[in-house]
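**Student:** Quick one: structure below, then a few questions.
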Amino acid sequence: MSLQLSDITSNATCRERIRQALDEDIATGDATTLSLVPEDAIVDAHILAKEGCVVSGCQVAAAVFSALDSDIQISIAIPDGGRASSGETLLSMRGRAQTVLTGERTALNFMQRMTGIATLTATFVERVASYSCVILDTRKTTPCLRLFEKYAVLCGGGTNHRVGLFDKVMIKDNHRRLWRDGGDGDLAEAVKTARRNCPDLEIEIEVESEAELRNALMGEPEWILLDNMSPVMMAKCVSVTAGRSKLEASGCITLSNVEAAAKSGVDAISLGCLTHSAPSVDLSLEISEL
């Protein structure tokens, strides 16, 4: 399964999540809007950036409002993946005031979260732009919002790692401890065993030292994850590997040292912070009655 920078709302899971988010907020009805706002009131409305950002979630916001009223007119001014300055309009709409007010918070919640992830991802991508190294996300996502958050990483120029447990074999320390009755065992044999059981999937295995790397390489995995290594150690592993496997660096990598990690020659750097620690971007919805 893979995501594309196209129409995320064509994904059935995403459409269902949008519906669930609306149901969570609206339940039996928008009491305030229904009690005060005339049913026939028509407004123009705009979602604005209140700070510089890389945009993500315009399609999702549009789907939120359209789910409430298929007649609402929506125009996306800055597409997902585009850059916006403070004060710029990201999305405009014209339609029933009740629809706009009822969908406002759900739409903004999606967009602010997704735009925050895209903006942080873009910052990391810029730091490693001079190197042949991609920025990967992880599975450290908000439950039930993974597809939205991984899509936001794409908007920021990052690359998706596995979407879930089903689309790649990832042999980590706990798997190694439990394999063969609690012994770490032979890493090459672990890779070969996984290959026999999952012949159609890429295999990746985590290592913590040069000795483990050399052992794992004998199993011919597609990827090896270098866990919590210094850039100097990463460079040594790149030399030892000599292109026989792709290398992913992970653990204790921040904006301050990501360039050093990329300079080591690894193929990818994975960062949980992209999705578990990105601050939401400040957006607002402004309306004007016609």
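All residue names refer to the structure tokens as shown: chains lettered A, B, ... in order, residues numbered from 1 in each chain, ligands numbered from 1 in order.
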DSSP on the backbone, then: every residue of segment 4-217 of chain A marked helix (DSSP H, G or I), written as JSON, numbers by chain.
**Tutor:** {"A": [8, 9, 10, 12, 13, 14, 15, 16, 17, 18, 19, 20, 21, 22, 23, 24, 25, 26, 31, 32, 33, 34, 35, 36, 58, 59, 60, 61, 62, 63, 64, 65, 66, 67, 68, 97, 98, 99, 100, 101, 102, 103, 104, 105, 106, 107, 108, 109, 110, 111, 112, 113, 114, 115, 116, 117, 118, 119, 120, 121, 122, 123, 124, 125, 126, 127, 146, 147, 148, 149, 150, 151, 152, 153, 154, 155, 173, 174, 175, 176, 177, 178, 187, 188, 189, 190, 191, 192, 193, 194, 195, 196, 197, 210, 211, 212, 213, 214, 215, 216, 217]}
**Student:** Might you pull out every residue within 9 Å of segment 114-131 of chain A, with only C-alpha atoms counted and same-chain residues fewer than 6 positions away left off, and present them as a VMD selection string?
**Tutor:** chain A and resid 52 to 57 80 to 81 83 137 148 to 158 254 to 255 258 to 263 265 273 to 282
**Student:** What's the separation between atom CA of Ile171 of chain A and atom CA of Ile205 of chain A, in Å to one decimal place?
**Tutor:**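 Between atom CA of Ile171 of chain A and atom CA of Ile205 of chain A the gap is 4.5 Å.
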**Student:** Counting only C-alpha atoms, which residue out of A:Lys192, A:His46, A:Lys246, A:Arg139 sits closest to Phe166 of chain A?
**Tutor:**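 For Phe166 of chain A, the nearest of the candidates is A:Arg139.
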**Student:** Taking only segment 18-139 of chain A into account, list the residues labelled strand (DSSP E or B) by DSSP (computed from the backbone), as an MDAnalysis selection string.
**Tutor:** chainID A and resid 42:49 53:54 73:76 83:84 89:96 134:136
**Student:** Just the residues within 9 Å of Val100 of chain A, please, counting only C-alpha atoms, with nothing from its chain fewer than 4 positions along; format it as a PyMOL selection string.
**Tutor:** chain A and resi 43+45+65+68+72+93-96+104+287
**Student:** Convert the current residue selection to file output with N, CA and C atoms, as a PDB file, in the first residue's frame.
**Tutor:**
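Listed below is the output, result-v3.pdb:
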```pdb
ATOM      1  N   VAL A  43     -22.658  32.524   2.881  1.00  0.00           N
ATOM      2  CA  VAL A  43     -21.442  33.263   3.225  1.00  0.00           C
ATOM      3  C   VAL A  43     -20.304  32.903   2.279  1.00  0.00           C
ATOM      4  N   ALA A  45     -16.250  32.247   2.719  1.00  0.00           N
ATOM      5  CA  ALA A  45     -15.344  31.910   3.821  1.00  0.00           C
ATOM      6  C   ALA A  45     -13.971  31.562   3.269  1.00  0.00           C
ATOM      7  N   PHE A  65     -16.275  19.775   4.330  1.00  0.00           N
ATOM      8  CA  PHE A  65     -17.424  20.632   4.031  1.00  0.00           C
ATOM      9  C   PHE A  65     -18.361  19.977   3.012  1.00  0.00           C
ATOM     10  N   LEU A  68     -20.846  17.582   4.379  1.00  0.00           N
ATOM     11  CA  LEU A  68     -21.989  18.207   5.036  1.00  0.00           C
ATOM     12  C   LEU A  68     -22.980  18.791   4.030  1.00  0.00           C
ATOM     13  N   ILE A  72     -21.831  23.023  -1.692  1.00  0.00           N
ATOM     14  CA  ILE A  72     -20.889  24.092  -1.348  1.00  0.00           C
ATOM     15  C   ILE A  72     -19.831  24.234  -2.429  1.00  0.00           C
ATOM     16  N   MET A  93     -14.378  29.277   0.019  1.00  0.00           N
ATOM     17  CA  MET A  93     -15.640  28.575  -0.241  1.00  0.00           C
ATOM     18  C   MET A  93     -16.811  29.537  -0.199  1.00  0.00           C
ATOM     19  N   ARG A  94     -17.886  29.153  -0.846  1.00  0.00           N
ATOM     20  CA  ARG A  94     -19.146  29.885  -0.787  1.00  0.00           C
ATOM     21  C   ARG A  94     -20.256  28.861  -0.591  1.00  0.00           C
ATOM     22  N   GLY A  95     -21.103  29.129   0.412  1.00  0.00           N
ATOM     23  CA  GLY A  95     -22.182  28.190   0.667  1.00  0.00           C
ATOM     24  C   GLY A  95     -22.965  28.567   1.904  1.00  0.00           C
ATOM     25  N   ARG A  96     -23.761  27.646   2.381  1.00  0.00           N
ATOM     26  CA  ARG A  96     -24.611  27.885   3.531  1.00  0.00           C
ATOM     27  C   ARG A  96     -23.765  28.134   4.779  1.00  0.00           C
ATOM     28  N   GLU A 104     -16.275  23.856  10.409  1.00  0.00           N
ATOM     29  CA  GLU A 104     -15.061  24.660  10.616  1.00  0.00           C
ATOM     30  C   GLU A 104     -14.017  23.966  11.476  1.00  0.00           C
ATOM     31  N   ILE A 287     -15.146  34.407   7.834  1.00  0.00           N
ATOM     32  CA  ILE A 287     -16.340  34.405   7.005  1.00  0.00           C
ATOM     33  C   ILE A 287     -16.882  35.823   6.843  1.00  0.00           C
TER      34      ILE A 287
END
```
**Student:** Show which residues sit within 12 Å of Gly243 of chain A, as a PyMOL selection string. Count only C-alpha atoms, and ignore same-chain residues fewer than 3 positions away.
**Tutor:** chain A and resi 217+220-224+237-240+246-247+265-267
**Student:** Compare A:Asp173, A:Gln98, A:Val60, A:Pro79 by their minimum atom-to-atom distance to Ile42 of chain A, counting only C-alpha atoms, and give me the closest one.
**Tutor:**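 The answer is A:Gln98, which sits nearest to Ile42 of chain A.
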**Student:** List the spatial neighbours of segment 20-28 of chain A as a list in words - criterion: any atom at most 9 Å away, only C-alpha atoms, same-chain residues fewer than 2 positions off excluded.
**Tutor:**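 Close residues of segment 20-28 of chain A: Arg15, Glu16, Arg17, Ile18, Asp30, Ala31, Val64, Ala67, Leu68, Thr102, Gly103, Arg105 and Thr106 of chain A.
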**Student:** If we count only C-alpha atoms and set the cut-off at 9 Å, which residues sit around Gly251 of chain A, ignoring sequence neighbours fewer than 4 positions away in its own chain? Please answer as a list of chain:residue names.
**Tutor:**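 My reading of the contact set: A:Leu226, A:Asp227, A:Asn228, A:Met229, A:Ser270, A:Leu271, A:Gly272.
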**Student:** Report the distance between atom CA of Ser288 of chain A and atom CA of Gly87 of chain A in Å, rounded to one decimal place.
**Tutor:**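 We find that atom CA of Ser288 of chain A and atom CA of Gly87 of chain A lie 16.4 Å from each other.
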**Student:** Counting only C-alpha atoms, figure out which residue out of A:Leu165, A:Val207, A:Ala216, A:Ala194 gets nearest to Trp179 of chain A.
**Tutor:** A:Ala194
**Student:** What does the structure give for the distance between atom CA of Ser85 of chain A and atom CA of Lys50 of chain A, in Å to one decimal?
**Tutor:** 7.8 Å
**Student:** With distances taken over only C-alpha atoms, which residue among A:Val232, A:Ala188, A:Leu285, A:Ile269 lies nearest Arg214 of chain A?
**Tutor:**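 Of the candidates, the smallest distance to Arg214 of chain A is held by A:Ala188.
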**Student:** With distances taken over only C-alpha atoms, which of A:Arg162, A:Arg113, A:His175, A:Arg195 is nearest to Gly219 of chain A?
**Tutor:**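 Under the stated criterion, the closest residue is A:Arg195.
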